[in-house]
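*Asks:* I'm passing along query.cif; it holds mmCIF, C-alpha atoms.
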data_run
loop_
_atom_site.label_atom_id
_atom_site.label_comp_id
_atom_site.auth_asym_id
_atom_site.auth_seq_id
_atom_site.Cartn_x
_atom_site.Cartn_y
_atom_site.Cartn_z
CA MET A 1 17.06 -40.31 17.47
CA LYS A 2 15.14 -37.42 18.96
CA LEU A 3 16.33 -35.03 21.63
CA LEU A 4 13.40 -33.77 23.69
CA ARG A 5 13.25 -31.20 26.43
CA LEU A 6 10.50 -30.93 29.04
CA LYS A 7 9.27 -27.37 29.43
CA PRO A 8 6.84 -25.71 31.82
CA GLY A 9 3.61 -24.74 30.12
CA HIS A 10 4.38 -26.82 27.08
CA GLY A 11 5.41 -30.39 27.71
CA GLU A 12 8.14 -31.83 25.58
CA VAL A 13 9.81 -29.85 22.81
CA VAL A 14 11.83 -31.48 20.03
CA LEU A 15 15.32 -29.97 20.15
CA ALA A 16 16.92 -32.04 17.44
CA GLU A 17 16.23 -35.10 15.40
CA GLY A 18 18.56 -37.11 13.26
CA ASP A 19 20.08 -40.37 12.18
CA LEU A 20 23.31 -41.37 13.92
CA ALA A 21 24.43 -43.10 10.75
CA VAL A 22 24.60 -39.71 9.00
CA PRO A 23 27.70 -37.83 10.26
CA GLU A 24 26.21 -34.34 9.79
CA GLN A 25 23.07 -35.27 11.71
CA GLU A 26 25.09 -36.97 14.44
CA ALA A 27 27.15 -33.79 14.81
CA GLU A 28 23.95 -31.76 15.17
CA LEU A 29 22.66 -34.14 17.81
CA ILE A 30 25.94 -33.96 19.73
CA ALA A 31 25.91 -30.16 19.59
CA ALA A 32 22.32 -30.00 20.84
CA PHE A 33 23.14 -32.53 23.57
CA ARG A 34 26.06 -30.41 24.80
CA ARG A 35 24.01 -27.22 24.69
CA GLU A 36 21.42 -28.71 27.01
CA LEU A 37 23.96 -30.08 29.47
CA ASP A 38 25.74 -26.72 29.48
CA ALA A 39 22.39 -25.10 30.25
CA GLY A 40 22.19 -27.23 33.38
CA MET A 41 19.81 -29.91 32.14
CA CYS A 42 19.91 -33.61 33.00
CA ALA A 43 19.44 -36.25 30.34
CA ALA A 44 17.59 -39.55 30.59
CA VAL A 45 17.21 -42.31 28.05
CA PRO A 46 14.10 -44.50 28.30
CA THR A 47 15.17 -48.12 27.94
CA THR A 48 13.62 -51.57 27.92
CA THR A 49 15.18 -54.57 29.66
CA ALA A 50 15.48 -58.03 28.16
CA LEU A 51 12.38 -58.99 30.18
CA GLY A 52 10.42 -56.16 28.58
CA ARG A 53 10.39 -53.87 31.62
CA ARG A 54 10.70 -50.18 30.90
CA GLU A 55 13.42 -48.37 32.79
CA ALA A 56 15.60 -45.30 32.35
CA GLU A 57 19.26 -44.50 32.21
CA MET A 58 20.81 -41.17 33.11
CA VAL A 59 23.53 -40.05 30.69
CA LYS A 60 26.15 -37.34 31.00
CA ASN A 61 27.97 -37.87 27.73
CA PHE A 62 26.62 -38.41 24.26
CA GLN A 63 28.87 -41.46 24.00
CA ASP A 64 26.86 -43.04 26.83
CA VAL A 65 23.61 -42.83 24.87
CA PRO A 66 22.80 -46.27 23.43
CA ARG A 67 23.12 -46.13 19.65
CA ASP A 68 19.66 -47.60 19.23
CA ALA A 69 17.98 -45.16 21.63
CA GLU A 70 14.96 -43.48 20.11
CA ARG A 71 14.76 -40.58 22.53
CA VAL A 72 16.92 -38.63 24.92
CA ILE A 73 14.84 -36.55 27.31
CA PHE A 74 16.24 -33.45 28.99
CA PHE A 75 14.77 -32.02 32.15
CA PRO A 76 15.79 -29.47 34.79
CA ARG A 77 18.30 -30.55 37.39
CA ALA A 78 16.93 -31.70 40.73
CA ALA A 79 16.84 -29.26 43.58
CA GLY A 80 16.15 -30.46 47.08
CA GLY A 81 12.75 -29.07 47.94
CA ALA A 82 13.20 -26.40 50.56
CA ARG A 83 9.70 -26.72 51.89
CA MET B 1 -34.12 32.54 41.52
CA LEU B 2 -34.24 29.55 39.18
CA LEU B 3 -31.01 30.57 37.58
CA ALA B 4 -29.31 30.82 40.97
CA LEU B 5 -30.52 27.36 41.95
CA ALA B 6 -29.33 25.87 38.66
CA THR B 7 -25.93 27.49 39.06
CA SER B 8 -25.64 26.21 42.64
CA ALA B 9 -26.59 22.70 41.51
CA LEU B 10 -24.00 22.82 38.75
CA VAL B 11 -21.28 23.96 41.15
CA LEU B 12 -22.29 21.24 43.60
CA LEU B 13 -22.08 18.62 40.87
CA VAL B 14 -18.61 19.80 39.86
CA LEU B 15 -17.44 19.74 43.48
CA LEU B 16 -18.85 16.26 44.03
CA TRP B 17 -17.16 15.07 40.83
CA GLN B 18 -13.86 16.49 42.05
CA LEU B 19 -14.29 14.71 45.38
CA ALA B 20 -15.30 11.43 43.79
CA LEU B 21 -12.57 11.40 41.15
CA PRO B 22 -9.52 10.36 43.28
CA PRO B 23 -11.25 7.38 44.97
CA LEU B 24 -12.60 6.35 41.57
CA ARG B 25 -9.13 6.49 40.07
CA ARG B 26 -7.73 4.45 42.97
CA ALA B 27 -10.46 1.85 42.54
CA LEU B 28 -9.76 1.60 38.83
CA ALA B 29 -6.03 1.31 39.52
CA ARG B 30 -6.70 -1.45 42.03
CA ARG B 31 -8.80 -3.33 39.53
CA GLY B 32 -6.14 -2.89 36.88
CA GLY B 33 -3.46 -3.90 39.35
CA ALA B 34 -5.34 -7.02 40.33
CA SER B 35 -5.50 -8.24 36.78
CA ARG B 36 -1.97 -7.23 35.87
CA PRO B 37 -0.07 -10.03 37.62
CA VAL B 38 -2.14 -12.58 35.78
CA ALA B 39 -1.38 -10.89 32.50
CA GLN B 40 2.34 -10.69 33.35
CA ASP B 41 2.41 -14.26 34.56
CA GLY B 42 0.94 -15.31 31.25
CA TYR B 43 -1.08 -18.14 32.75
CA ASP B 44 -3.24 -19.69 30.09
CA PRO B 45 -5.45 -22.57 31.28
CA GLY B 46 -5.86 -23.86 27.74
CA ARG B 47 -2.13 -23.97 27.16
CA GLU B 48 -1.54 -25.66 30.51
CA LEU B 49 -4.18 -28.27 29.67
CA ARG B 50 -2.57 -28.98 26.31
CA ALA B 51 0.83 -29.22 28.00
CA GLU B 52 -0.56 -31.70 30.51
CA GLN B 53 -2.14 -33.81 27.78
CA ARG B 54 1.19 -33.85 25.94
CA ALA B 55 2.97 -34.79 29.16
CA ARG B 56 0.54 -37.64 29.83
CA ARG B 57 1.20 -39.09 26.38
CA LEU B 58 4.94 -38.93 26.99
CA LEU B 59 4.62 -40.47 30.45
CA ARG B 60 2.58 -43.32 29.02
CA SER B 61 5.19 -43.96 26.36
CA CYS B 62 8.01 -44.19 28.94
CA VAL B 63 6.68 -46.05 31.98
CA ASN B 64 5.38 -49.60 32.16
CA GLU B 65 1.77 -50.15 31.20
CA GLU B 66 0.67 -51.09 34.72
CA GLU B 67 2.41 -48.00 36.10
CA TRP B 68 0.58 -45.82 33.60
CA THR B 69 -2.75 -47.45 34.50
CA MET B 70 -1.97 -46.95 38.19
CA TYR B 71 -1.28 -43.25 37.64
CA ARG B 72 -4.35 -42.83 35.46
CA ASP B 73 -6.63 -44.57 37.96
CA LEU B 74 -5.15 -43.42 41.27
CA GLY B 75 -3.30 -40.18 40.52
CA PHE B 76 0.04 -41.41 41.82
CA LEU B 77 2.65 -43.95 40.87
CA ARG B 78 4.40 -46.61 42.95
CA VAL B 79 8.01 -47.49 42.22
CA TRP B 80 9.81 -50.39 43.88
CA GLY B 81 12.99 -49.36 45.62
CA THR B 82 16.24 -51.19 46.01
CA GLN B 83 17.29 -49.48 49.24
CA VAL B 84 17.04 -51.95 52.08
CA ILE B 85 15.90 -50.72 55.44
CA ALA B 86 18.02 -52.02 58.30
CA ALA B 87 15.33 -51.26 60.86
CA ALA B 88 12.91 -53.42 58.88
CA ASP B 89 15.14 -56.52 58.82
CA GLY B 90 16.64 -55.51 55.51
CA ALA B 91 13.33 -55.28 53.67
CA PRO B 92 13.29 -53.01 50.62
CA CYS B 93 11.15 -49.92 50.52
CA ALA B 94 8.86 -48.60 47.83
CA TYR B 95 8.08 -45.05 46.78
CA LEU B 96 4.92 -43.17 45.94
CA ILE B 97 5.33 -40.46 43.34
CA TYR B 98 2.84 -37.60 43.36
CA PRO B 99 2.97 -34.63 41.00
CA HIS B 100 4.65 -31.63 42.64
CA LEU B 101 4.70 -33.25 46.07
CA PRO B 102 7.48 -35.07 47.90
CA ILE B 103 8.32 -38.66 47.08
CA VAL B 104 7.05 -40.84 49.92
CA ALA B 105 9.03 -43.89 51.02
CA TYR B 106 7.20 -46.71 52.77
CA LEU B 107 7.51 -50.39 53.58
CA PRO B 108 5.23 -52.34 51.24
CA GLN B 109 5.02 -55.32 53.59
CA THR B 110 3.66 -53.37 56.51
CA GLY B 111 2.54 -50.05 55.05
CA VAL B 112 4.79 -48.21 57.51
CA LEU B 113 5.58 -44.72 56.24
CA LEU B 114 9.31 -44.02 56.28
CA GLY B 115 9.69 -40.45 55.14
CA GLU B 116 9.12 -37.73 52.61
CA TYR B 117 11.87 -36.91 50.12
CA CYS B 118 11.40 -33.33 49.00
CA VAL B 119 12.80 -32.82 45.55
CA ALA B 120 11.82 -30.40 42.80
CA PHE B 121 12.82 -29.90 39.20
CA PRO B 122 12.37 -26.16 38.65
CA ASP B 123 13.03 -24.76 35.20
CA HIS B 124 14.52 -21.36 35.97
CA THR B 125 14.10 -20.19 32.39
CA ARG B 126 10.35 -19.92 33.23
CA PRO B 127 9.22 -19.89 29.59
CA TYR B 128 5.66 -18.99 30.58
CA GLY B 129 6.30 -17.44 33.98
CA SER B 130 6.22 -20.61 36.05
CA PRO B 131 9.17 -22.90 36.81
CA HIS B 132 6.89 -25.93 37.27
CA LEU B 133 6.71 -28.70 34.70
CA PRO B 134 3.28 -30.11 33.85
CA ASP B 135 2.10 -32.62 36.47
CA SER B 136 2.77 -35.73 34.39
CA ASP B 137 6.21 -34.45 33.35
CA ASP B 138 7.06 -33.96 37.03
CA VAL B 139 6.00 -37.55 37.71
CA LEU B 140 8.03 -38.76 34.72
CA VAL B 141 11.17 -36.96 35.87
CA LYS B 142 10.85 -38.46 39.35
CA TRP B 143 10.32 -41.87 37.78
CA PHE B 144 13.47 -41.36 35.67
CA ALA B 145 15.44 -40.35 38.73
CA LEU B 146 14.19 -43.24 40.87
CA THR B 147 14.61 -45.96 38.28
CA ALA B 148 17.97 -44.73 37.01
CA ASP B 149 19.61 -43.21 40.06
CA GLU B 150 17.69 -44.01 43.23
CA ARG B 151 20.65 -43.41 45.51
CA GLY B 152 21.52 -40.09 43.90
CA LEU B 153 17.97 -38.83 44.15
CA ILE B 154 17.60 -39.87 47.78
CA ALA B 155 20.98 -38.39 48.68
CA GLY B 156 20.15 -35.04 47.09
CA ALA B 157 16.62 -34.70 48.45
CA ASN B 158 15.63 -33.12 51.72
CA MET B 159 14.25 -35.86 53.91
CA HIS B 160 11.49 -35.19 56.38
CA LEU B 161 9.34 -37.33 58.61
CA PRO B 162 6.02 -38.45 57.12
CA GLY B 163 3.26 -35.89 57.37
CA ARG B 164 5.22 -32.75 56.63
CA GLN B 165 3.54 -32.06 53.30
CA ILE B 166 1.23 -35.00 52.73
CA ALA B 167 -1.11 -35.99 55.54
CA PRO B 168 -0.45 -39.54 56.80
CA LYS B 169 -4.19 -40.15 56.69
CA ARG B 170 -4.21 -39.44 52.97
CA LEU B 171 -1.17 -41.69 52.46
CA ARG B 172 -2.81 -44.57 54.32
CA GLN B 173 -5.93 -44.10 52.24
CA ASP B 174 -3.84 -44.10 49.07
CA LEU B 175 -2.04 -47.28 50.13
CA ALA B 176 -5.42 -48.90 50.76
CA ARG B 177 -6.62 -47.71 47.34
CA LEU B 178 -3.44 -49.10 45.80
CA ALA B 179 -3.94 -52.49 47.47
CA LEU B 180 -7.54 -52.60 46.25
CA TRP B 181 -6.48 -51.50 42.76
CA GLU B 182 -3.83 -54.23 42.62
CA SER B 183 -6.27 -56.89 43.80
CA GLN B 184 -8.68 -55.88 41.04
CA SER B 185 -6.20 -55.12 38.29
CA SER B 186 -5.17 -57.46 35.54
CA TRP B 187 -1.44 -57.01 36.02
CA PRO B 188 -0.11 -60.33 37.28
CA LEU B 189 3.32 -59.45 35.85
CA ALA B 190 3.46 -56.25 37.88
CA ARG B 191 2.68 -58.05 41.11
CA SER B 192 5.06 -60.89 40.42
CA VAL B 193 7.83 -58.48 39.45
CA GLY B 194 7.22 -56.56 42.64
CA GLY B 195 7.22 -59.78 44.61
CA LEU B 196 10.44 -60.93 42.98
CA THR B 197 12.05 -57.58 43.65
CA GLN B 198 11.11 -57.74 47.29
CA ALA B 199 12.10 -61.36 47.69
CA SER B 200 15.37 -61.06 45.83
CA VAL B 201 16.54 -58.03 47.78
CA ALA B 202 15.27 -59.27 51.11
#
So that I can check it, write out the structure of this file as structure tokens.

*Replies:*
Amino acid sequence: MKLLRLKPGHGEVVLAEGDLAVPEQEAELIAAFRRELDAGMCAAVPTTTALGRREAEMVKNFQDVPRDAERVIFFPRAAGGAR
Amino acid sequence: MLLALATSALVLLVLLWQLALPPLRRALARRGGASRPVAQDGYDPGRELRAEQRARRLLRSCVNEEEWTMYRDLGFLRVWGTQVIAAADGAPCAYLIYPHLPIVAYLPQTGVLLGEYCVAFPDHTRPYGSPHLPDSDDVLVKWFALTADERGLIAGANMHLPGRQIAPKRLRQDLARLALWESQSSWPLARSVGGLTQASVA
């Protein structure tokens, strides 16, 4: 699993990468996940339905991330455009 | 006589130099000042281009193939909504996603524009001076939000009547381009899925 963060002027940045089956790596992923949420980021998991359609799922806890997810993508929280 | 003239010329030159120096300094300061914000902002076109290319690859890997082709060909992305519109006999709406512009809701059956949902995803850490994500990342984030939490996005956005930021003429042209693109594209699944979505919700 990879944790990615979208950044201005860069695109995505790999925050952490690891195998959930390895406890140390899972702990690192959980720590990185919490850091991003604490920094005010939102997290989305790209998913694929049984019919093959690509969709996304918003997650607020690491436990909500599907175990087989390849990527969790963090992005800044939405702000209602003032303009 | 010659010596006196030379001395006078020298004095004149020094006086002129003294008079010209302050405006020259101001002009130099203005030129320096004009370039300073760019240097402070740290805008680098090459870096931005690389960021956008990276963002396009990520977008392509996340959205459906026909959505990617739509964005590549037309510069915007259409997402089917699940919100039914009471005023339109319960028909569902669809959304147009543009980079760094409001999300536009419309009725696919009639092309009636419903409204602009102004929402932004500013990164206040401003790693390179700007809070704006690359264009394709902005589209991806809106796609995430619409496909995963349509109600939440719509509830949190500022809604305005059509035409506030995107000219209705442009939107009508884009809808016509979209219709033409769909009639010529080889995405029967996309059209049937859209049709099923509309039919099932309606």

*Asks:* As an exercise, work out the distance from atom CA of Tyr71 of chain B to atom CA of Glu116 of chain B in Å and give it to one decimal place.

*Replies:*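 Between these atoms lies a distance of 19.0 Å.
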
*Asks:* Which residues are near segment 54-71 of chain A? Cut-off 6 Å, all atoms listed in the file, ignore same chain within fewer than 5 positions. Put them as a list in words.

*Replies:*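 Contacts, with the query itself left out: Met1, Lys2, Leu3, Ala43, Ala44, Val45, Pro46, Thr47 and Thr48 of chain A; Val63, Asn64, Phe144 and Ala148 of chain B.
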
*Asks:* So which residues touch Gln53 of chain B within 9 Å, counting all atoms listed in the file, skipping near sequence neighbours fewer than 3 positions away, as a PyMOL selection string?

*Replies:* (chain A and resi 11) or (chain B and resi 48-50+56-58+134+136)

*Asks:* Atom CA of Tyr95 of chain B and atom CA of Phe121 of chain B are how many Å apart?

*Replies:*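 Those two atoms sit 17.6 Å apart.
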
*Asks:* Write out as lines of an AutoDock Vina configuration file an axis-aligned box for segment 129-146 of chain B: all of its atoms listed in the file, 4 Å added on each side, centre and edge lengths in Å with one decimal.

*Replies:*
center_x = 8.8
center_y = -30.3
center_z = 37.1
size_x = 21.3
size_y = 33.8
size_z = 15.5

*Asks:* I need the residue nearest chain B from this list: A:Ala32, A:Ala21, A:Ala50, A:Leu6. Use all atoms listed in the file for the distance.

*Replies:* A:Leu6

*Asks:* Identify which of the residues B:Thr82, B:Ser8, B:Thr110, B:Asn158 lies closest to chain A, counting all atoms listed in the file when measuring atom-to-atom distances.

*Replies:*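 Among B:Thr82, B:Ser8, B:Thr110, B:Asn158, it is B:Asn158 that comes nearest to chain A.
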
*Asks:* Kindly indicate which residue among B:Val139, B:Ala145, B:Leu180, B:Ala51 lies nearest to chain A, using all atoms listed in the file for the distances.

*Replies:*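 Of B:Val139, B:Ala145, B:Leu180, B:Ala51, the one nearest chain A is B:Ala51, counting all atoms listed in the file.
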
*Asks:* So which one's closest to Glu66 of chain B, A:His10, A:Arg53, A:Gly40, A:Arg35? Using only C-alpha atoms, please.

*Replies:* A:Arg53

*Asks:* Atom CA of Arg177 of chain B and atom CA of Pro45 of chain B are how many Å apart?

*Replies:*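 A separation of 29.9 Å between them.
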
*Asks:* Can you give me, as number ranges by chain, the residues this file yields under the PyMOL selection byres ((chain A and resi 41) around 7)?

*Replies:* A: 36-37, 39-40, 42-43, 74-77

*Asks:* Can you turn the PyMOL selection byres ((chain B and resi 172) around 12) into a concrete residue list for this file, as a PyMOL selection string?

*Replies:* chain B and resi 96+104+106-108+110-113+162-163+166-171+173-179

*Asks:* Restricting the calculation to all atoms listed in the file, which member of B:Ser130, B:Gln165, B:Thr147, B:Ser186 is positioned closest to Cys118 of chain B?

*Replies:*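 Among B:Ser130, B:Gln165, B:Thr147, B:Ser186, it is B:Gln165 that comes nearest to Cys118 of chain B.
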
*Asks:* Using all atoms listed in the file, find the one residue out of B:Gly75, B:Leu114, B:Gln109, B:Leu59 that sits nearest to Ala91 of chain B.

*Replies:*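 For Ala91 of chain B, the nearest of the given residues is B:Gln109.
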
*Asks:* If you count only C-alpha atoms, which residues fall within 12 Å of Ala27 of chain A, apart from same-chain ones fewer than 6 positions away, as a VMD selection string?

*Replies:* chain A and resid 16 to 21 33 to 34 62
